[in-house]
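model20.cif (mmCIF, C-alpha atoms)
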```cif
data_final
loop_
_atom_site.label_atom_id
_atom_site.label_comp_id
_atom_site.auth_asym_id
_atom_site.auth_seq_id
_atom_site.Cartn_x
_atom_site.Cartn_y
_atom_site.Cartn_z
CA MET A 1 45.66 0.05 20.19
CA ILE A 2 45.46 -1.73 16.84
CA ASN A 3 45.57 0.74 13.97
CA LYS A 4 42.93 0.07 11.28
CA VAL A 5 43.64 3.08 9.10
CA VAL A 6 44.28 2.72 5.38
CA PRO A 7 45.14 5.75 3.23
CA SER A 8 42.33 5.63 0.67
CA ALA A 9 39.29 3.87 -0.78
CA GLN A 10 41.67 2.34 -3.32
CA ALA A 11 43.77 0.78 -0.57
CA ALA A 12 40.72 -0.29 1.42
CA LEU A 13 38.96 -2.06 -1.45
CA HIS A 14 41.98 -3.49 -3.29
CA ASP A 15 41.07 -7.15 -2.75
CA ILE A 16 37.37 -7.06 -3.65
CA PHE A 17 36.90 -9.77 -6.25
CA ASP A 18 34.46 -10.69 -9.02
CA GLY A 19 31.51 -12.62 -7.58
CA ALA A 20 31.94 -11.22 -4.05
CA THR A 21 29.00 -10.76 -1.71
CA LEU A 22 28.87 -7.19 -0.44
CA MET A 23 26.80 -5.44 2.18
CA LEU A 24 26.33 -1.71 1.61
CA GLY A 25 24.93 0.51 4.36
CA GLY A 26 22.35 3.23 3.88
CA PHE A 27 18.64 3.89 3.70
CA GLY A 28 17.75 5.45 0.38
CA LEU A 29 20.76 7.71 -0.27
CA CYS A 30 21.15 8.50 3.45
CA GLY A 31 24.32 7.07 4.97
CA ILE A 32 25.59 5.27 1.86
CA PRO A 33 29.34 4.58 1.41
CA GLU A 34 29.83 7.01 -1.48
CA ASN A 35 33.60 6.59 -1.72
CA ALA A 36 33.46 2.79 -1.70
CA ILE A 37 30.79 2.74 -4.41
CA ALA A 38 32.91 5.01 -6.61
CA GLU A 39 35.87 2.69 -6.08
CA LEU A 40 33.80 -0.41 -7.02
CA ILE A 41 32.98 1.32 -10.31
CA ARG A 42 36.62 2.17 -10.92
CA LEU A 43 37.68 -1.42 -10.13
CA GLU A 44 35.07 -2.76 -12.59
CA VAL A 45 34.45 -5.80 -10.36
CA LYS A 46 31.57 -7.86 -11.71
CA ASN A 47 28.94 -10.47 -10.76
CA LEU A 48 28.50 -8.88 -7.37
CA THR A 49 25.81 -9.89 -4.92
CA CYS A 50 24.78 -6.69 -3.17
CA ILE A 51 22.88 -6.66 0.11
CA SER A 52 21.44 -3.22 0.74
CA ASN A 53 18.06 -1.93 1.89
CA ASN A 54 17.62 0.03 -1.33
CA ALA A 55 19.25 0.15 -4.75
CA GLY A 56 19.99 3.86 -4.97
CA VAL A 57 18.50 6.01 -7.71
CA ASP A 58 19.24 5.76 -11.43
CA ASP A 59 22.29 8.02 -11.36
CA PHE A 60 23.54 7.82 -7.78
CA GLY A 61 24.40 5.29 -5.11
CA LEU A 62 24.00 1.62 -6.02
CA GLY A 63 22.15 2.69 -9.17
CA LEU A 64 25.56 3.51 -10.66
CA LEU A 65 26.67 -0.13 -10.21
CA LEU A 66 23.44 -1.37 -11.77
CA GLN A 67 23.96 0.86 -14.81
CA LYS A 68 27.43 -0.66 -15.31
CA ARG A 69 25.91 -4.15 -14.98
CA GLN A 70 28.29 -5.01 -12.16
CA VAL A 71 25.53 -6.51 -10.04
CA LYS A 72 24.38 -10.10 -10.58
CA LYS A 73 22.06 -10.28 -7.60
CA MET A 74 20.42 -7.71 -5.37
CA ILE A 75 19.10 -8.47 -1.90
CA ALA A 76 16.96 -5.53 -0.75
CA SER A 77 13.64 -4.53 0.77
CA TYR A 78 12.53 -1.54 -1.30
CA VAL A 79 13.67 -0.50 -4.76
CA GLY A 80 10.88 1.88 -5.77
CA GLU A 81 13.18 4.81 -6.45
CA ASN A 82 15.16 3.15 -9.21
CA ALA A 83 13.63 2.75 -12.68
CA GLU A 84 16.68 0.96 -14.12
CA PHE A 85 16.50 -1.55 -11.28
CA GLU A 86 12.83 -2.21 -11.97
CA ARG A 87 13.56 -2.63 -15.68
CA GLN A 88 16.41 -5.12 -15.07
CA LEU A 89 14.25 -7.00 -12.59
CA LEU A 90 11.16 -7.26 -14.81
CA SER A 91 13.28 -8.30 -17.81
CA GLY A 92 15.04 -10.99 -15.75
CA GLU A 93 18.54 -9.52 -16.27
CA LEU A 94 18.99 -9.07 -12.54
CA GLU A 95 18.45 -11.68 -9.86
CA VAL A 96 16.52 -10.13 -7.00
CA ASP A 97 15.61 -11.27 -3.54
CA LEU A 98 13.15 -8.88 -1.90
CA ILE A 99 13.02 -9.24 1.87
CA PRO A 100 10.85 -7.49 4.47
CA GLN A 101 12.93 -4.66 5.90
CA GLY A 102 12.86 -5.85 9.51
CA THR A 103 13.74 -9.38 8.42
CA LEU A 104 16.63 -8.02 6.35
CA ALA A 105 17.93 -6.05 9.34
CA GLU A 106 17.59 -8.99 11.71
CA ARG A 107 19.19 -11.46 9.27
CA ILE A 108 22.21 -9.17 9.08
CA ARG A 109 22.24 -8.68 12.85
CA ALA A 110 22.04 -12.48 13.27
CA GLY A 111 24.92 -12.97 10.81
CA GLY A 112 27.12 -10.66 12.84
CA ALA A 113 26.01 -12.13 16.16
CA GLY A 114 26.54 -15.79 15.27
CA ILE A 115 22.86 -16.73 15.29
CA PRO A 116 22.17 -18.99 12.28
CA ALA A 117 18.39 -18.55 12.20
CA PHE A 118 15.37 -17.09 13.95
CA PHE A 119 11.58 -16.94 13.62
CA THR A 120 9.60 -13.86 12.57
CA SER A 121 5.94 -13.36 11.68
CA ALA A 122 6.77 -10.95 8.83
CA GLY A 123 5.79 -12.44 5.48
CA TYR A 124 3.82 -15.39 6.78
CA GLY A 125 1.05 -16.23 4.29
CA THR A 126 2.80 -14.28 1.51
CA GLU A 127 5.24 -15.09 -1.32
CA VAL A 128 8.04 -14.45 1.16
CA GLY A 129 7.02 -17.54 3.12
CA GLU A 130 7.10 -19.92 0.14
CA GLY A 131 9.46 -22.83 0.79
CA LYS A 132 10.25 -21.71 4.33
CA GLU A 133 9.57 -23.59 7.53
CA ALA A 134 6.60 -22.12 9.41
CA ARG A 135 5.97 -22.78 13.08
CA GLU A 136 3.34 -21.74 15.58
CA PHE A 137 4.28 -20.00 18.82
CA ASN A 138 1.51 -18.95 21.23
CA GLY A 139 -1.13 -19.27 18.55
CA LYS A 140 0.65 -17.16 15.92
CA MET A 141 2.53 -18.34 12.83
CA TYR A 142 6.18 -17.48 12.25
CA LEU A 143 8.70 -18.10 9.45
CA LEU A 144 12.20 -19.46 9.91
CA GLU A 145 14.73 -16.99 8.49
CA SER A 146 18.48 -17.52 8.24
CA TRP A 147 21.45 -15.26 8.89
CA LEU A 148 23.16 -13.15 6.24
CA LYS A 149 26.91 -12.62 6.02
CA ALA A 150 29.13 -10.94 3.45
CA ASP A 151 32.68 -11.13 2.13
CA PHE A 152 32.89 -7.37 2.55
CA ALA A 153 30.69 -4.92 4.45
CA LEU A 154 31.00 -1.35 3.18
CA VAL A 155 29.75 1.10 5.76
CA LYS A 156 29.70 4.86 6.19
CA ALA A 157 29.99 6.65 9.53
CA TRP A 158 30.13 10.28 10.60
CA LYS A 159 33.20 10.01 12.81
CA GLY A 160 35.66 7.21 13.37
CA ASP A 161 38.97 6.73 15.11
CA THR A 162 42.16 4.90 14.27
CA ALA A 163 41.00 1.93 16.40
CA GLY A 164 37.97 1.51 14.10
CA ASN A 165 35.36 2.83 16.52
CA LEU A 166 32.45 4.48 14.71
CA VAL A 167 29.79 7.09 15.46
CA TYR A 168 26.90 7.73 13.09
CA LYS A 169 24.82 10.86 12.63
CA GLY A 170 21.03 11.18 12.44
CA THR A 171 19.21 8.57 10.39
CA ALA A 172 22.41 7.86 8.44
CA ARG A 173 22.94 5.13 11.03
CA ASN A 174 20.23 2.74 9.69
CA PHE A 175 21.81 -0.55 8.47
CA ASN A 176 25.44 0.57 8.87
CA PRO A 177 26.13 -0.71 12.41
CA LEU A 178 24.44 -4.05 11.63
CA MET A 179 26.41 -4.59 8.44
CA ALA A 180 29.63 -3.63 10.19
CA THR A 181 29.21 -6.75 12.34
CA ALA A 182 28.40 -9.12 9.45
CA GLY A 183 31.28 -8.61 7.04
CA LYS A 184 34.28 -10.96 6.94
CA ILE A 185 36.09 -7.75 6.12
CA THR A 186 34.35 -4.55 7.17
CA ILE A 187 35.50 -1.38 5.50
CA ALA A 188 34.38 1.87 7.10
CA GLU A 189 34.59 5.26 5.46
CA VAL A 190 34.15 8.29 7.68
CA GLU A 191 33.65 12.02 7.27
CA GLU A 192 36.08 12.69 10.08
CA LEU A 193 38.92 10.36 11.06
CA LEU A 194 40.27 11.03 14.54
CA PRO A 195 43.09 9.68 16.71
CA ALA A 196 42.17 6.97 19.22
CA GLY A 197 40.99 8.66 22.37
CA ALA A 198 39.25 11.55 20.62
CA LEU A 199 35.84 9.86 20.72
CA ASP A 200 34.03 9.35 24.03
CA PRO A 201 33.85 5.58 24.68
CA ASN A 202 30.34 6.14 26.11
CA GLN A 203 29.12 7.35 22.73
CA ILE A 204 30.56 4.70 20.37
CA HIS A 205 27.92 3.02 18.16
CA THR A 206 30.19 0.44 16.47
CA PRO A 207 33.10 -0.88 18.57
CA GLY A 208 36.34 -1.12 16.62
CA ILE A 209 36.51 -4.93 16.80
CA PHE A 210 33.97 -5.09 13.96
CA VAL A 211 36.01 -2.88 11.62
CA GLN A 212 39.04 -4.19 9.73
CA ARG A 213 39.83 -1.09 7.65
CA ILE A 214 38.93 2.55 8.06
CA PHE A 215 39.62 5.50 5.78
CA GLN A 216 38.90 9.18 5.53
CA GLY A 217 36.20 9.67 2.86
CA GLN A 218 36.37 12.52 0.33
CA HIS A 219 33.89 14.83 -1.39
CA TYR A 220 30.62 13.66 0.12
CA GLU A 221 27.71 14.71 -2.08
CA LYS A 222 24.99 13.48 0.32
CA ARG A 223 22.30 13.81 -2.27
CA ILE A 224 18.77 14.36 -0.94
CA GLU A 225 15.95 12.39 -2.58
CA GLN A 226 13.01 14.42 -1.26
CA ARG A 227 13.93 17.89 -0.13
CA THR A 228 10.85 18.80 1.92
CA VAL A 229 10.82 22.09 3.81
CA SER A 230 8.40 24.12 5.88
CA SER A 231 8.19 27.89 6.06
CA ALA A 232 9.82 29.35 9.16
CA MET B 29 -18.58 14.94 -1.79
CA ALA B 30 -15.71 12.49 -1.60
CA LEU B 31 -12.86 13.45 0.73
CA ASP B 32 -9.59 14.58 -0.77
CA LYS B 33 -6.36 13.12 0.61
CA HIS B 34 -6.16 15.82 3.27
CA GLY B 35 -9.73 15.01 4.31
CA ILE B 36 -8.78 11.34 4.66
CA ALA B 37 -5.74 12.32 6.73
CA ARG B 38 -7.88 14.56 8.97
CA ARG B 39 -10.38 11.78 9.56
CA ILE B 40 -7.57 9.33 10.40
CA ALA B 41 -6.18 11.85 12.89
CA GLN B 42 -9.39 11.36 14.88
CA GLU B 43 -8.24 7.78 15.55
CA LEU B 44 -5.15 8.99 17.44
CA GLN B 45 -5.04 8.87 21.21
CA ASP B 46 -2.88 10.66 23.71
CA GLY B 47 0.31 8.72 24.43
CA TYR B 48 0.27 6.73 21.18
CA TYR B 49 3.43 5.68 19.35
CA VAL B 50 2.47 5.71 15.67
CA ASN B 51 4.12 4.55 12.45
CA LEU B 52 2.97 6.42 9.33
CA GLY B 53 3.43 4.88 5.89
CA ILE B 54 4.29 6.71 2.68
CA GLY B 55 1.61 8.80 0.90
CA ILE B 56 -1.65 9.84 2.58
CA PRO B 57 -0.55 8.44 5.98
CA THR B 58 2.35 10.91 6.07
CA LEU B 59 -0.18 13.76 5.92
CA VAL B 60 -1.75 12.62 9.20
CA ALA B 61 1.19 14.22 11.00
CA ASN B 62 -0.23 17.62 10.02
CA TYR B 63 -3.54 17.01 11.78
CA ILE B 64 -2.58 15.69 15.22
CA PRO B 65 -5.00 17.48 17.59
CA ALA B 66 -3.42 20.34 19.54
CA GLY B 67 -2.35 19.30 23.02
CA MET B 68 -2.27 15.58 22.18
CA ASN B 69 1.04 13.80 22.72
CA VAL B 70 1.62 11.43 19.82
CA VAL B 71 5.11 10.16 18.99
CA LEU B 72 5.81 9.31 15.36
CA GLN B 73 8.15 6.43 14.57
CA SER B 74 9.99 6.36 11.27
CA GLU B 75 11.33 2.87 10.61
CA ASN B 76 14.63 4.08 9.17
CA GLY B 77 15.62 4.90 12.74
CA LEU B 78 13.86 7.88 14.29
CA LEU B 79 11.40 8.07 17.16
CA GLY B 80 9.85 11.47 17.68
CA MET B 81 9.75 12.71 14.10
CA GLY B 82 9.34 16.46 13.81
CA PRO B 83 8.03 18.62 10.96
CA PHE B 84 9.90 19.35 7.74
CA PRO B 85 12.92 21.60 8.37
CA THR B 86 13.12 25.24 7.38
CA ASP B 87 15.24 25.75 4.29
CA ASP B 88 18.38 26.64 6.25
CA ALA B 89 18.04 23.62 8.57
CA VAL B 90 17.84 20.87 5.91
CA ASP B 91 20.11 17.96 6.88
CA ALA B 92 20.79 15.16 4.38
CA ASP B 93 21.50 12.87 7.35
CA LEU B 94 18.01 13.27 8.78
CA ILE B 95 15.22 11.80 6.69
CA ASN B 96 12.04 9.80 7.23
CA ALA B 97 11.16 6.43 5.70
CA GLY B 98 9.72 8.25 2.68
CA LYS B 99 13.20 9.79 2.15
CA GLN B 100 11.87 13.26 2.98
CA THR B 101 13.99 15.64 5.02
CA VAL B 102 12.60 15.97 8.56
CA THR B 103 13.63 17.23 12.00
CA THR B 104 13.96 15.86 15.52
CA LEU B 105 12.01 17.14 18.52
CA PRO B 106 12.87 17.47 22.20
CA GLY B 107 12.76 13.85 23.39
CA SER B 108 13.56 12.29 19.99
CA SER B 109 15.86 9.30 19.70
CA LEU B 110 17.87 7.73 16.88
CA PHE B 111 18.69 4.05 16.44
CA ASN B 112 19.66 1.38 13.93
CA SER B 113 17.31 -0.62 11.71
CA ALA B 114 17.34 -3.77 13.86
CA GLU B 115 16.34 -1.79 16.93
CA SER B 116 13.69 -0.01 14.89
CA PHE B 117 12.09 -3.30 13.90
CA ALA B 118 12.37 -4.59 17.46
CA MET B 119 9.96 -1.75 18.29
CA ILE B 120 7.69 -2.90 15.47
CA ARG B 121 7.93 -6.70 15.84
CA GLY B 122 7.87 -6.45 19.62
CA GLU B 123 4.46 -4.72 19.43
CA HIS B 124 5.68 -1.52 21.03
CA ILE B 125 3.96 0.57 18.33
CA ASP B 126 0.32 1.39 19.15
CA LEU B 127 -0.94 2.22 15.67
CA THR B 128 0.23 1.69 12.10
CA ILE B 129 -1.31 3.67 9.26
CA LEU B 130 -0.47 2.62 5.73
CA GLY B 131 -1.66 2.73 2.15
CA ALA B 132 -2.91 -0.23 0.12
CA MET B 133 -3.70 -1.34 -3.42
CA GLU B 134 -6.32 -3.83 -2.18
CA VAL B 135 -7.92 -4.88 1.10
CA SER B 136 -10.06 -8.00 1.48
CA GLU B 137 -13.17 -8.31 3.62
CA LYS B 138 -11.14 -10.57 5.94
CA GLY B 139 -8.58 -7.84 6.54
CA ASP B 140 -5.87 -9.10 4.17
CA ILE B 141 -3.81 -6.35 2.56
CA ALA B 142 -1.90 -6.15 -0.74
CA ASN B 143 0.39 -3.19 -1.37
CA TRP B 144 3.81 -4.21 -2.62
CA LYS B 145 3.75 -5.73 -6.07
CA ILE B 146 1.82 -5.97 -9.35
CA PRO B 147 3.20 -9.09 -11.07
CA GLY B 148 4.89 -8.28 -14.37
CA LYS B 149 4.25 -4.54 -14.06
CA MET B 150 5.49 -3.01 -10.87
CA VAL B 151 7.83 -4.24 -8.17
CA LYS B 152 8.83 -1.70 -5.60
CA GLY B 153 9.34 -4.12 -2.75
CA MET B 154 7.61 -4.46 0.58
CA GLY B 155 9.98 -2.26 2.56
CA GLY B 156 8.86 -2.38 6.17
CA ALA B 157 5.20 -3.05 5.38
CA MET B 158 5.28 -6.83 5.93
CA ASP B 159 6.94 -6.47 9.32
CA LEU B 160 4.49 -3.73 10.30
CA VAL B 161 1.31 -5.57 9.31
CA ALA B 162 2.49 -8.84 10.84
CA SER B 163 3.00 -7.31 14.27
CA ALA B 164 1.06 -4.07 14.72
CA ARG B 165 -1.69 -4.14 17.31
CA ASN B 166 -3.87 -1.74 15.34
CA ILE B 167 -3.67 -1.19 11.59
CA ILE B 168 -5.60 1.45 9.68
CA VAL B 169 -5.48 1.57 5.90
CA ALA B 170 -5.71 4.92 4.12
CA MET B 171 -6.58 4.67 0.43
CA GLN B 172 -8.90 5.62 -2.39
CA HIS B 173 -12.03 3.46 -2.42
CA THR B 174 -11.57 2.61 -6.11
CA SER B 175 -8.65 2.48 -8.52
CA LYS B 176 -8.09 5.13 -11.20
CA ASP B 177 -10.13 3.04 -13.66
CA GLY B 178 -13.02 2.70 -11.20
CA GLN B 179 -12.38 -0.82 -9.89
CA SER B 180 -13.17 -1.44 -6.23
CA LYS B 181 -10.16 -1.84 -3.95
CA LEU B 182 -12.30 -3.41 -1.21
CA LEU B 183 -12.62 -7.01 -2.36
CA PRO B 184 -13.86 -10.44 -1.23
CA GLU B 185 -10.25 -11.67 -1.73
CA CYS B 186 -7.11 -9.79 -2.73
CA THR B 187 -6.05 -10.48 -6.32
CA LEU B 188 -2.53 -9.04 -5.95
CA PRO B 189 0.30 -10.66 -3.94
CA ILE B 190 -0.50 -10.39 -0.24
CA THR B 191 1.47 -8.22 2.19
CA GLY B 192 -0.21 -9.62 5.30
CA LEU B 193 -3.14 -11.82 6.30
CA ARG B 194 -6.10 -10.75 8.46
CA CYS B 195 -4.39 -7.76 9.92
CA VAL B 196 -6.31 -4.62 8.87
CA LYS B 197 -8.71 -3.30 11.50
CA LYS B 198 -10.12 -0.20 9.83
CA ILE B 199 -10.14 1.43 6.38
CA ILE B 200 -10.56 5.12 5.74
CA THR B 201 -11.18 6.03 2.10
CA ASP B 202 -12.33 9.05 0.15
CA LEU B 203 -15.89 7.68 0.46
CA ALA B 204 -16.20 5.96 3.82
CA VAL B 205 -14.91 4.68 7.15
CA LEU B 206 -15.19 0.90 7.40
CA GLU B 207 -14.29 -1.66 10.04
CA ILE B 208 -13.24 -5.23 9.33
CA THR B 209 -15.61 -7.64 11.09
CA PRO B 210 -15.99 -11.42 10.82
CA GLN B 211 -18.93 -10.75 8.46
CA GLY B 212 -17.08 -8.31 6.19
CA PHE B 213 -16.64 -4.55 5.75
CA LYS B 214 -18.88 -2.82 8.28
CA LEU B 215 -19.79 0.68 7.13
CA LEU B 216 -19.28 3.12 10.00
CA GLU B 217 -19.35 6.54 8.34
CA ARG B 218 -19.80 8.00 4.88
CA ALA B 219 -18.16 11.03 3.30
CA PRO B 220 -20.35 14.17 3.36
CA GLY B 221 -22.99 13.93 0.64
CA VAL B 222 -21.97 10.43 -0.45
CA SER B 223 -24.87 7.98 -0.31
CA VAL B 224 -24.78 4.47 1.09
CA ALA B 225 -25.79 3.26 -2.39
CA GLU B 226 -22.68 4.89 -3.91
CA ILE B 227 -20.46 3.20 -1.32
CA GLN B 228 -22.19 -0.12 -1.95
CA LYS B 229 -21.54 0.26 -5.68
CA ALA B 230 -17.84 0.99 -5.06
CA THR B 231 -17.37 -1.96 -2.66
CA ALA B 232 -16.89 -5.39 -4.26
CA GLY B 233 -16.52 -7.24 -0.94
CA GLN B 234 -19.30 -7.93 1.56
CA LEU B 235 -20.58 -4.61 2.94
CA ILE B 236 -22.48 -4.60 6.24
CA ILE B 237 -24.92 -1.72 6.64
CA GLU B 238 -26.68 -1.42 9.98
CA GLY B 239 -29.00 1.48 10.73
CA ALA B 240 -28.42 5.05 9.69
CA ILE B 241 -24.84 5.76 8.63
CA PRO B 242 -23.56 9.12 9.90
CA GLU B 243 -21.51 11.47 7.79
CA ILE B 244 -17.80 11.90 8.44
CA THR B 245 -17.04 15.18 10.18
CA VAL B 246 -13.56 16.58 9.65
#
```

Write-out of the structure in structure tokens:
Amino acid sequence: MINKVVPSAQAALHDIFDGATLMLGGFGLCGIPENAIAELIRLEVKNLTCISNNAGVDDFGLGLLLQKRQVKKMIASYVGENAEFERQLLSGELEVDLIPQGTLAERIRAGGAGIPAFFTSAGYGTEVGEGKEAREFNGKMYLLESWLKADFALVKAWKGDTAGNLVYKGTARNFNPLMATAGKITIAEVEELLPAGALDPNQIHTPGIFVQRIFQGQHYEKRIEQRTVSSA
Amino acid sequence: MALDKHGIARRIAQELQDGYYVNLGIGIPTLVANYIPAGMNVVLQSENGLLGMGPFPTDDAVDADLINAGKQTVTTLPGSSLFNSAESFAMIRGEHIDLTILGAMEVSEKGDIANWKIPGKMVKGMGGAMDLVASARNIIVAMQHTSKDGQSKLLPECTLPITGLRCVKKIITDLAVLEITPQGFKLLERAPGVSVAEIQKATAGQLIIEGAIPEITV
């Protein structure tokens, strides 16, 4: 079995360059690649294009990269939790492409699956449709949307093995398996790195072929945005 | 008296039917989960990748890896399933969801909805709203009838950037229940003690009033 293991985030991200296009998994702060983000900050790479559903919060997740002005362009669907993002966007400091969430997911899936474009009804008749080809199918209007790919996809999984197979937990799955397929180089960080054979092949979410590098993540904070509880 | 947000949520819960798969938006729609009639089987879909969303966890069961689309900690239920974002939106785009309930800044008398952007002031993004409104079979909007400064949110045309065209079926506000018809907003019910004249005054778009309008019972 091919061994995809690298010793650290530092080793995994060593060739990320200024101006790279990155995909970063996660929904809100759930399932984000915390170790990779910390390494991007340490590397001080700049002019990044970041594709991620959200932009973190002011002081965690992708928000940390925004604060350091390492991001030139953000491609996302919802950024409501990040005041610094909104400020940079409204002042024109940050280039932003806001995309309907399902379209974002499907564009990434298409990128990984070798499908250059597809039609979706989301956004027809709105700003999102401006400049895009629209076509009618069975009496309904649809927009032509193109695939998304990245130089590097940075994903986070619960468990992984040395062959690069990944298993996610709960709703931390979200965009991670899609992005894993769409990176020229996909870097997976996992909470638990196991020998090949330790994971049940029936239960694999991301087959190892999509992962080029895998490393054992450290010190997961897993910050919760809205801690909502009920009484017992 | 106008309904509070819990009253709106309770009235919306009356729209649920046994066997429905339902997507609840952020804000008032989330509260609807608290008022699903006992004995009714309704499955809640959260577009970040959970079907069969359960109640908030007890303090000792909080799991950072299990949240809803509003980023709140939640639980699974017997029969729940987890999936990725593309599969989640296949459920939505493929019209497998029976009912979508979401908030709005404006709704037009044609059923257009605006809820994602105020140019120059506020840009939060559309999230999953554009996919939901473009494909849902039944869309109910939950919102206040007027803005904080008293402006009607039920308009002849939306003034803010559109989220989706001609998609809203019903609107449930603090003052009234209205249905979108080819003629405009048809008044179906009014909040207890709220007069038709008050609703008329708060509605900028075409309001259709036919016969006696019953009070909302929640």

As a PDB file with C-alpha atoms, in the frame of the given file, could you give me every residue of chain B near chain A (at most 6 Å apart, counting all atoms listed in the file)?
```pdb
ATOM      1  CA  ASN B  76      14.630   4.080   9.170  1.00  0.00           C
ATOM      2  CA  GLY B  77      15.620   4.900  12.740  1.00  0.00           C
ATOM      3  CA  PHE B  84       9.900  19.350   7.740  1.00  0.00           C
ATOM      4  CA  PRO B  85      12.920  21.600   8.370  1.00  0.00           C
ATOM      5  CA  THR B  86      13.120  25.240   7.380  1.00  0.00           C
ATOM      6  CA  ASP B  87      15.240  25.750   4.290  1.00  0.00           C
ATOM      7  CA  ALA B  92      20.790  15.160   4.380  1.00  0.00           C
ATOM      8  CA  ASP B  93      21.500  12.870   7.350  1.00  0.00           C
ATOM      9  CA  LEU B  94      18.010  13.270   8.780  1.00  0.00           C
ATOM     10  CA  LYS B  99      13.200   9.790   2.150  1.00  0.00           C
ATOM     11  CA  GLN B 100      11.870  13.260   2.980  1.00  0.00           C
ATOM     12  CA  THR B 101      13.990  15.640   5.020  1.00  0.00           C
ATOM     13  CA  ASN B 112      19.660   1.380  13.930  1.00  0.00           C
ATOM     14  CA  SER B 113      17.310  -0.620  11.710  1.00  0.00           C
ATOM     15  CA  ALA B 114      17.340  -3.770  13.860  1.00  0.00           C
ATOM     16  CA  PHE B 117      12.090  -3.300  13.900  1.00  0.00           C
ATOM     17  CA  LYS B 152       8.830  -1.700  -5.600  1.00  0.00           C
ATOM     18  CA  GLY B 153       9.340  -4.120  -2.750  1.00  0.00           C
ATOM     19  CA  MET B 154       7.610  -4.460   0.580  1.00  0.00           C
ATOM     20  CA  GLY B 155       9.980  -2.260   2.560  1.00  0.00           C
ATOM     21  CA  GLY B 156       8.860  -2.380   6.170  1.00  0.00           C
ATOM     22  CA  MET B 158       5.280  -6.830   5.930  1.00  0.00           C
ATOM     23  CA  ASP B 159       6.940  -6.470   9.320  1.00  0.00           C
ATOM     24  CA  ALA B 162       2.490  -8.840  10.840  1.00  0.00           C
ATOM     25  CA  ILE B 190      -0.500 -10.390  -0.240  1.00  0.00           C
TER      26      ILE B 190
END
```

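Note that atom CA of A:Gly61 and atom CA of A:Ile37 are 6.9 Å apart.
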
Problem set entry | Nearby residues (only C-alpha atoms) at most 7 Å from A:Ser52, same-chain spacing under 3 positions excluded, as a PyMOL selection string | chain A and resi 23-25+55+75-76

For this session: Rounded to one decimal place, report the atom CA of A:Val155-atom CA of A:Gln218 distance in Å.
Result: 14.3 Å

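Going from atom CA of B:Leu235 to atom CA of B:Phe213 covers 4.8 Å.
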
Problem set entry | Hits from the PyMOL selection byres ((chain B and resi 45) around 8), listed as a ChimeraX atom specification | /B:43-44,46-48,68-70

Exercise. Counting all atoms listed in the file, which of B:Thr187, B:Asn96, B:Ser136, B:Thr201 gets nearest to B:Ala37?
Worked result: B:Thr201

Problem set entry | Residue list as a ChimeraX atom specification for point (30.2, -6.0, 10.2), cut-off 12 Å, all atoms listed in the file | /A:22-25,108-114,148-156,164,166,175-188,206-213

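When only C-alpha atoms are used to measure the gap to B:Leu105, the shortest distance among B:Pro83, B:Cys186, B:Ala66, B:Gly239 belongs to B:Pro83.
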
For this session: Enumerate, as a list in words, the residues matched when the PyMOL selection byres ((chain B and resi 106-110) around 6) is run on the file above.
Result: Gly77, Leu78, Leu79, Gly80, Thr104, Leu105 and Phe111 of chain B

Exercise. Which neighbours of B:Gln172 fall inside 9 Å, counting only C-alpha atoms, when residues of the same chain fewer than 4 positions from it are skipped, and could you give them as a ChimeraX atom specification?
Worked result: /B:33,132-133,176,181,200-203

Those selected residues, please, written with C-alpha atoms and delivered as a compact mmCIF listing (two decimals), in the coordinates of the input.
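Writing the result to again.txt gives the following:
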```txt
# COMPACT_ATOMS: atom_id res chain seq x y z
CA LYS B 33 -6.36 13.12 0.61
CA ALA B 132 -2.91 -0.23 0.12
CA MET B 133 -3.70 -1.34 -3.42
CA LYS B 176 -8.09 5.13 -11.20
CA LYS B 181 -10.16 -1.84 -3.95
CA ILE B 200 -10.56 5.12 5.74
CA THR B 201 -11.18 6.03 2.10
CA ASP B 202 -12.33 9.05 0.15
CA LEU B 203 -15.89 7.68 0.46
```

For this session: Could you check which of A:Gly19, A:Pro116, A:Pro195, A:Gly63 is closest to A:Lys46, using all atoms listed in the file?
Result: A:Gly19

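Close to (30.1, -5.2, -10.5), meaning no more than 8 Å away when counting only C-alpha atoms, sit the residues Asp18, Leu40, Ile41, Glu44, Val45, Lys46, Asn47, Leu48, Leu65, Leu66, Lys68, Arg69, Gln70, Val71 and Lys72 of chain A.
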
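Nearest residue to B:Asn166, choosing from B:Asp32, B:Asp91, B:Glu207, B:Glu238 and counting only C-alpha atoms: B:Glu207.
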
Can you tell me which residues surround B:Leu216 at a distance of at most 7 Å, considering all atoms listed in the file, apart from same-chain residues fewer than 6 positions away, and format the answer as an mmCIF file with C-alpha atoms, in the frame of the given file?
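File selection21.cif, as written:
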```cif
data_model
loop_
_atom_site.group_PDB
_atom_site.id
_atom_site.type_symbol
_atom_site.label_atom_id
_atom_site.label_comp_id
_atom_site.auth_asym_id
_atom_site.auth_seq_id
_atom_site.Cartn_x
_atom_site.Cartn_y
_atom_site.Cartn_z
ATOM 1 C CA VAL B 205 -14.910 4.680 7.150
ATOM 2 C CA LEU B 206 -15.190 0.900 7.400
ATOM 3 C CA GLU B 207 -14.290 -1.660 10.040
ATOM 4 C CA ILE B 241 -24.840 5.760 8.630
#
```

For this session: With the file shown as input, list the residues that the PyMOL selection byres ((chain A and resi 7-9) around 8) selects, as a ChimeraX atom specification.
Result: /A:5-6,10-13,35-36,39,189,215-217
